[in-house]
Amino acid sequence: MHSLEIINPGPLSLIQDLGRFGATQHGLTQGGPIDLHAYCWGNYFLGNDMSCPQIEITLGQASFKAHNNLLCALTGAKLNAQIDGQPLSLWQSFILKKNQLLTLDYPTHGLRSYLAVKNGFKAPKIFNSVATVIRDNIGTFALKQGDMLSCSPFLDSIQAKSTAYQHLIPPRFLPQYTKKINLRVIESYQEKQFIAEDKHTLYHYPYQVSPFCDRMGCRLTGPVINSHQINLISEPIANGAIQIPPNGQPIILLNDRQTLGGYPKIGCIAKIDLPQLAQAKPDTEIHFIKGNLQKLQQEWLRFVRFFNLPF
Amino acid sequence: MITVQPISEDSIILYFGNEISLQITQTIMRLVEQLTLNSPSHIFSEKIKQNILEVTPSYTSLFIQYRSSQLSGDELSHALQVWTHSSDLTGQQFESKTTHQLPVYYHPEVGPDLHYLTLRHKLSQEEVVQRHQQTDYHVYAIGFAPGFAFLGNVDPHIATPRHDSPRLHIPAGSVGIANQQTAVYPSDSPGGWQIIGNCPLSLFSLEANPMTPFNIGDKVKFNAITRNEFLQLGGIICTHWK
């Protein structure tokens, strides 16, 4: 049954679930939501399993029409959203009735929105995941005008009243997507081969998010970090790895990264901090802070357990 | 000397050395097999095998992402340390018996860098082709893009560095060289390798089972074919190199 129609996909709307695991051996990257925090809250508001697929909408400017009554949630970037012209609150569940139009404007803060529905959107699975990776031509193609997405219709209006609006996000978990962010670094990979002065540079000077950012990686600009003294045989790349190419400008590799790469890496961004980078517009100021592995593992575990993630 | 290092909250990497060698590749693939859920090997516990999310082999390293809510990094690292000290390392090595025969049309019209290689290495076009196709290659890694198999080792007389600036578009099937490595681009892609020919076979398809014919450790042979044979096999001559 077709239930949600894409009236306008905006610059980029993609189906994403938690990502594709176990296929990097074939060269397939993981994909999945760039902002895992916003994505998880979307499923949480609907009582969904965390693997229920959602639409990741980059830079808003999108609209969707319901063909059945749907229970939905919209999280992520701060923007003006409306149902048939009436303002809609983000970060909570709501009912989109048959024939109603949901519209998203350009975000004032952040980049990416997540539209979740009760029980998730249906899409064909490849390697046990519906995650779309455009670079690999894998998954549903980028959504376009007129596409219909199947999802479970939400039939019972009494059930709707009792289910909707129940969950609210505690204010301390509501992200602000500020123009200045701190990212904690787990030093790993070739970190011992970077000289002390360059590590000092990384932690003591701000870096800026450049316009050259996508789901594959986020290029930063700032003081040069030398890496040409490091010779490396191509090796596997973790999500959030901080790669330092010969020009000394860091690239943080994200969900759609290449599976193997030959540039030196100084470590990884803490997983719990990556959602802030996922929402960072160009010119956002980044401060790197040296992180503690054990402490960050505990923070990550709290997140995993709260949302009952299969990680 | 094999080392195990944490990479992030839920991943570790093993380094097997600093030199590319078939022996290291075989050791890595044997470990990959032993970590697989259905492996008959009991070197690793069921608990470990069940809680591995991702295993990514490369030339001299192996990346493992694990389910950190169920398995601690210390427990996994310890089991791997024990494995590195076990006699298993010197035992029977994993060895692929598969050889892939890949037809290649070597010609400047599908290999725009062929001419550059003849100038750089002071060889005729025939000599460059001969040196590329007479080598028995092995698959050392699969990655970068789906089905992209890194093959080695290229004859040192034709080994050539990448372009300084990558091309924006390389057509599927292009056969390239990057230093001692060679590969076939399975799909249209940007890329910086030196392109000397084109293989008309489909090497990656989501509909195919398996999606890509290659496994790490497999042998690969290239066989030169004529323009007519190339076209009969479905080869396409790209006229818009960028």
# chains A, B, ... in the order shown; residues from 1 in each chain; ligands from 1
call {"tool": "select_by_dssp", "arguments": {"residues": "region 103-276 of chain A", "states": "alpha helix (DSSP H)", "output": "number ranges by chain"}}
result
A: 157-163, 196-204, 274-276
call {"tool": "residues_around", "arguments": {"residues": "Gln279 (chain A)", "least_positions_apart": "4", "cutoff": "9 Å", "atoms": "only C-alpha atoms", "output": "ChimeraX atom specification"}}
result
/A:34-35,76-77,109-112,177,274-275
call {"tool": "select_by_dssp", "arguments": {"residues": "region 191-271 of chain A", "states": "strand (DSSP E)", "output": "list in words"}}
result
Tyr207, Gln208, Val209, Ser210, Pro211, Phe212, Cys213, Gly217, Cys218, Arg219, Leu220, Thr221, Glu235, Pro236, Ala241, Ile242, Gln243, Ile251, Ile252, Leu253, Leu260, Gly261, Lys265, Ile266, Gly267, Cys268 and Ile269 of chain A
call {"tool": "closest_residue", "arguments": {"among": "B:Asn198, B:Lys122, B:Asp113, B:Tyr140", "to": "Arg162 (chain B)", "atoms": "only C-alpha atoms"}}
result
B:Asp113
call {"tool": "closest_residue", "arguments": {"among": "B:Leu14, B:Met29, B:Ala145, B:Ile177", "to": "chain A", "atoms": "only C-alpha atoms"}}
result
B:Ala145
call {"tool": "interface_residues", "arguments": {"of": "chain A", "to": "chain B", "cutoff": "9 Å", "atoms": "only C-alpha atoms", "output": "number ranges by chain"}}
result
A: 21-29, 126, 135-136, 138, 186-189, 232-241, 257-261, 267-271, 293-294, 296-298, 300-301, 304-305, 309-311
call {"tool": "write_last_selection", "arguments": {"atoms": "N, CA and C atoms", "output": "tab-separated table (two decimals), in the first residue's frame"}}
result
chain	number	residue	atom	x	y	z
A	21	PHE	N	25.84	-3.51	7.37
A	21	PHE	CA	27.02	-4.06	8.03
A	21	PHE	C	27.38	-5.41	7.44
A	22	GLY	N	28.65	-5.70	7.38
A	22	GLY	CA	29.10	-7.01	6.91
A	22	GLY	C	29.32	-7.08	5.41
A	23	ALA	N	29.32	-5.95	4.71
A	23	ALA	CA	29.51	-5.99	3.25
A	23	ALA	C	30.73	-5.20	2.80
A	24	THR	N	31.52	-4.68	3.74
A	24	THR	CA	32.72	-3.94	3.33
A	24	THR	C	33.71	-4.85	2.62
A	25	GLN	N	33.62	-6.16	2.89
A	25	GLN	CA	34.51	-7.11	2.20
A	25	GLN	C	34.29	-7.10	0.70
A	26	HIS	N	33.10	-6.66	0.27
A	26	HIS	CA	32.80	-6.57	-1.17
A	26	HIS	C	32.99	-5.15	-1.66
A	27	GLY	N	33.46	-4.27	-0.80
A	27	GLY	CA	33.68	-2.88	-1.19
A	27	GLY	C	32.47	-1.99	-0.93
A	28	LEU	N	31.41	-2.55	-0.30
A	28	LEU	CA	30.21	-1.76	-0.03
A	28	LEU	C	30.37	-1.03	1.31
A	29	THR	N	30.13	0.28	1.28
A	29	THR	CA	30.27	1.06	2.48
A	29	THR	C	29.00	0.95	3.34
A	126	ILE	N	19.17	-4.69	0.72
A	126	ILE	CA	20.37	-5.27	0.12
A	126	ILE	C	21.34	-5.48	1.26
A	135	ARG	N	26.73	6.89	-4.10
A	135	ARG	CA	28.03	6.65	-4.73
A	135	ARG	C	28.18	5.20	-5.17
A	136	ASP	N	27.58	4.28	-4.43
A	136	ASP	CA	27.68	2.85	-4.75
A	136	ASP	C	26.50	2.37	-5.59
A	138	ILE	N	23.51	1.97	-4.55
A	138	ILE	CA	22.89	0.94	-3.75
A	138	ILE	C	21.73	1.51	-2.94
A	186	ILE	N	39.42	10.41	19.63
A	186	ILE	CA	40.09	9.21	20.13
A	186	ILE	C	41.33	9.03	19.26
A	187	GLU	N	42.49	9.23	19.83
A	187	GLU	CA	43.72	9.11	19.03
A	187	GLU	C	43.95	7.63	18.70
A	188	SER	N	44.18	7.36	17.43
A	188	SER	CA	44.42	5.96	17.01
A	188	SER	C	45.07	5.98	15.63
A	189	TYR	N	45.02	4.87	14.95
A	189	TYR	CA	45.66	4.73	13.62
A	189	TYR	C	47.12	5.20	13.68
A	232	LEU	N	51.98	4.94	4.09
A	232	LEU	CA	50.92	4.06	4.54
A	232	LEU	C	50.44	3.16	3.41
A	233	ILE	N	50.22	1.90	3.73
A	233	ILE	CA	49.56	0.97	2.81
A	233	ILE	C	48.07	1.10	3.05
A	234	SER	N	47.27	1.18	1.98
A	234	SER	CA	45.82	1.39	2.12
A	234	SER	C	45.23	0.46	3.17
A	235	GLU	N	44.39	1.03	4.03
A	235	GLU	CA	43.84	0.26	5.15
A	235	GLU	C	42.39	0.66	5.39
A	236	PRO	N	41.64	-0.15	6.16
A	236	PRO	CA	40.22	0.13	6.39
A	236	PRO	C	40.00	1.41	7.20
A	237	ILE	N	38.89	2.08	6.90
A	237	ILE	CA	38.59	3.39	7.50
A	237	ILE	C	37.33	3.29	8.35
A	238	ALA	N	37.44	3.71	9.62
A	238	ALA	CA	36.28	3.70	10.53
A	238	ALA	C	35.45	4.96	10.33
A	239	ASN	N	34.18	4.89	10.70
A	239	ASN	CA	33.33	6.08	10.66
A	239	ASN	C	33.90	7.12	11.62
A	240	GLY	N	34.01	8.36	11.14
A	240	GLY	CA	34.54	9.42	11.99
A	240	GLY	C	36.05	9.56	11.97
A	241	ALA	N	36.73	8.75	11.15
A	241	ALA	CA	38.19	8.83	11.09
A	241	ALA	C	38.62	10.21	10.59
A	257	ARG	N	31.80	6.84	3.42
A	257	ARG	CA	33.24	6.87	3.12
A	257	ARG	C	33.65	5.68	2.27
A	258	GLN	N	34.80	5.84	1.58
A	258	GLN	CA	35.40	4.71	0.89
A	258	GLN	C	35.83	3.69	1.95
A	259	THR	N	35.75	2.39	1.64
A	259	THR	CA	36.04	1.38	2.67
A	259	THR	C	37.52	1.30	3.00
A	260	LEU	N	38.40	1.57	2.00
A	260	LEU	CA	39.85	1.53	2.22
A	260	LEU	C	40.45	2.85	1.77
A	261	GLY	N	41.52	3.27	2.41
A	261	GLY	CA	42.16	4.51	1.99
A	261	GLY	C	43.60	4.54	2.42
A	267	GLY	N	43.20	9.72	14.17
A	267	GLY	CA	42.28	9.13	15.13
A	267	GLY	C	40.86	9.21	14.61
A	268	CYS	N	39.91	9.11	15.55
A	268	CYS	CA	38.49	9.15	15.18
A	268	CYS	C	37.76	10.15	16.08
A	269	ILE	N	36.73	10.77	15.53
A	269	ILE	CA	35.84	11.62	16.33
A	269	ILE	C	34.97	10.70	17.19
A	270	ALA	N	34.76	11.09	18.45
A	270	ALA	CA	33.88	10.31	19.32
A	270	ALA	C	32.53	10.12	18.66
A	271	LYS	N	32.01	8.89	18.69
A	271	LYS	CA	30.73	8.60	18.03
A	271	LYS	C	29.61	9.47	18.57
A	293	LEU	N	39.41	7.22	25.81
A	293	LEU	CA	38.72	6.08	25.19
A	293	LEU	C	37.71	5.44	26.14
A	294	GLN	N	38.12	5.12	27.37
A	294	GLN	CA	37.20	4.43	28.29
A	294	GLN	C	35.96	5.27	28.58
A	296	LEU	N	34.66	7.64	26.77
A	296	LEU	CA	33.81	7.76	25.58
A	296	LEU	C	33.10	6.44	25.27
A	297	GLN	N	33.76	5.32	25.59
A	297	GLN	CA	33.08	4.03	25.42
A	297	GLN	C	31.86	3.95	26.33
A	298	GLN	N	32.03	4.46	27.57
A	298	GLN	CA	30.89	4.42	28.50
A	298	GLN	C	29.75	5.32	28.02
A	300	TRP	N	29.11	6.13	24.93
A	300	TRP	CA	28.52	5.48	23.75
A	300	TRP	C	27.58	4.35	24.19
A	301	LEU	N	28.02	3.57	25.20
A	301	LEU	CA	27.20	2.46	25.68
A	301	LEU	C	25.88	2.96	26.28
A	304	VAL	N	23.69	3.63	23.32
A	304	VAL	CA	23.28	2.36	22.70
A	304	VAL	C	22.17	1.70	23.54
A	305	ARG	N	22.35	1.71	24.86
A	305	ARG	CA	21.39	1.02	25.73
A	305	ARG	C	20.10	1.80	25.84
A	309	LEU	N	19.92	-0.05	20.75
A	309	LEU	CA	20.53	-0.20	19.41
A	309	LEU	C	21.26	-1.55	19.32
A	310	PRO	N	21.28	-2.15	18.15
A	310	PRO	CA	21.96	-3.45	18.00
A	310	PRO	C	23.47	-3.30	17.84
A	311	PHE	N	24.07	-2.32	18.54
A	311	PHE	CA	25.52	-2.06	18.40
A	311	PHE	C	26.28	-2.47	19.65
call {"tool": "atom_distance", "arguments": {"atom1": "CA of Ile251 (chain A)", "atom2": "CA of Thr182 (chain B)"}}
result
26.4 Å
call {"tool": "atom_distance", "arguments": {"atom1": "CA of Pro9 (chain A)", "atom2": "CA of Ile169 (chain A)"}}
result
26.8 Å
call {"tool": "atom_distance", "arguments": {"atom1": "CA of Glu229 (chain B)", "atom2": "CA of Pro200 (chain B)"}}
result
9.5 Å
call {"tool": "residues_around", "arguments": {"residues": "region 167-175 of chain B", "least_positions_apart": "2", "cutoff": "8 Å", "atoms": "only C-alpha atoms", "output": "ChimeraX atom specification"}}
result
/B:104,110-111,165,177,182-192,195-202,238,241-242
call {"tool": "residues_around", "arguments": {"residues": "Ile289 (chain A)", "least_positions_apart": "4", "cutoff": "8 Å", "atoms": "only C-alpha atoms", "output": "list in words"}}
result
Asn182, Leu183, Arg184, Val185 and Tyr203 of chain A
call {"tool": "residues_around", "arguments": {"residues": "region 146-154 of chain A", "least_positions_apart": "5", "cutoff": "6 Å", "atoms": "only C-alpha atoms", "output": "VMD selection string"}}
result
chain A and resid 1 to 7 68 to 70 121 to 122
call {"tool": "residues_around", "arguments": {"residues": "Leu104 (chain A)", "least_positions_apart": "4", "cutoff": "8 Å", "atoms": "only C-alpha atoms", "output": "PyMOL selection string"}}
result
chain A and resi 60-63+79-82
call {"tool": "write_last_selection", "arguments": {"atoms": "N, CA and C atoms", "output": "mmCIF file, in the first residue's frame"}}
result
data_model
loop_
_atom_site.group_PDB
_atom_site.id
_atom_site.type_symbol
_atom_site.label_atom_id
_atom_site.label_comp_id
_atom_site.auth_asym_id
_atom_site.auth_seq_id
_atom_site.Cartn_x
_atom_site.Cartn_y
_atom_site.Cartn_z
ATOM 1 N N GLY A 60 16.286 20.791 3.988
ATOM 2 C CA GLY A 60 14.845 21.067 3.970
ATOM 3 C C GLY A 60 14.277 21.279 2.579
ATOM 4 N N GLN A 61 13.414 22.285 2.451
ATOM 5 C CA GLN A 61 12.804 22.685 1.165
ATOM 6 C C GLN A 61 12.097 21.511 0.488
ATOM 7 N N ALA A 62 11.459 20.693 1.303
ATOM 8 C CA ALA A 62 10.827 19.471 0.794
ATOM 9 C C ALA A 62 9.358 19.449 1.215
ATOM 10 N N SER A 63 8.545 18.669 0.482
ATOM 11 C CA SER A 63 7.148 18.501 0.902
ATOM 12 C C SER A 63 6.656 17.096 0.575
ATOM 13 N N LEU A 79 13.994 24.082 11.729
ATOM 14 C CA LEU A 79 13.412 24.730 10.549
ATOM 15 C C LEU A 79 11.916 24.926 10.770
ATOM 16 N N ASN A 80 11.349 25.723 9.889
ATOM 17 C CA ASN A 80 9.924 25.971 9.906
ATOM 18 C C ASN A 80 9.232 24.840 9.143
ATOM 19 N N ALA A 81 8.438 24.025 9.879
ATOM 20 C CA ALA A 81 7.697 22.938 9.240
ATOM 21 C C ALA A 81 6.205 23.200 9.419
ATOM 22 N N GLN A 82 5.418 22.819 8.418
ATOM 23 C CA GLN A 82 3.982 23.092 8.475
ATOM 24 C C GLN A 82 3.182 21.902 7.952
#
call {"tool": "residues_around", "arguments": {"residues": "region 74-78 of chain B", "least_positions_apart": "3", "cutoff": "7 Å", "atoms": "only C-alpha atoms", "output": "PyMOL selection string"}}
result
chain B and resi 4+48+71+81-82
call {"tool": "closest_residue", "arguments": {"among": "B:Phe230, B:Phe16, B:Tyr137, B:Trp193", "to": "Leu114 (chain B)", "atoms": "only C-alpha atoms"}}
result
B:Trp193
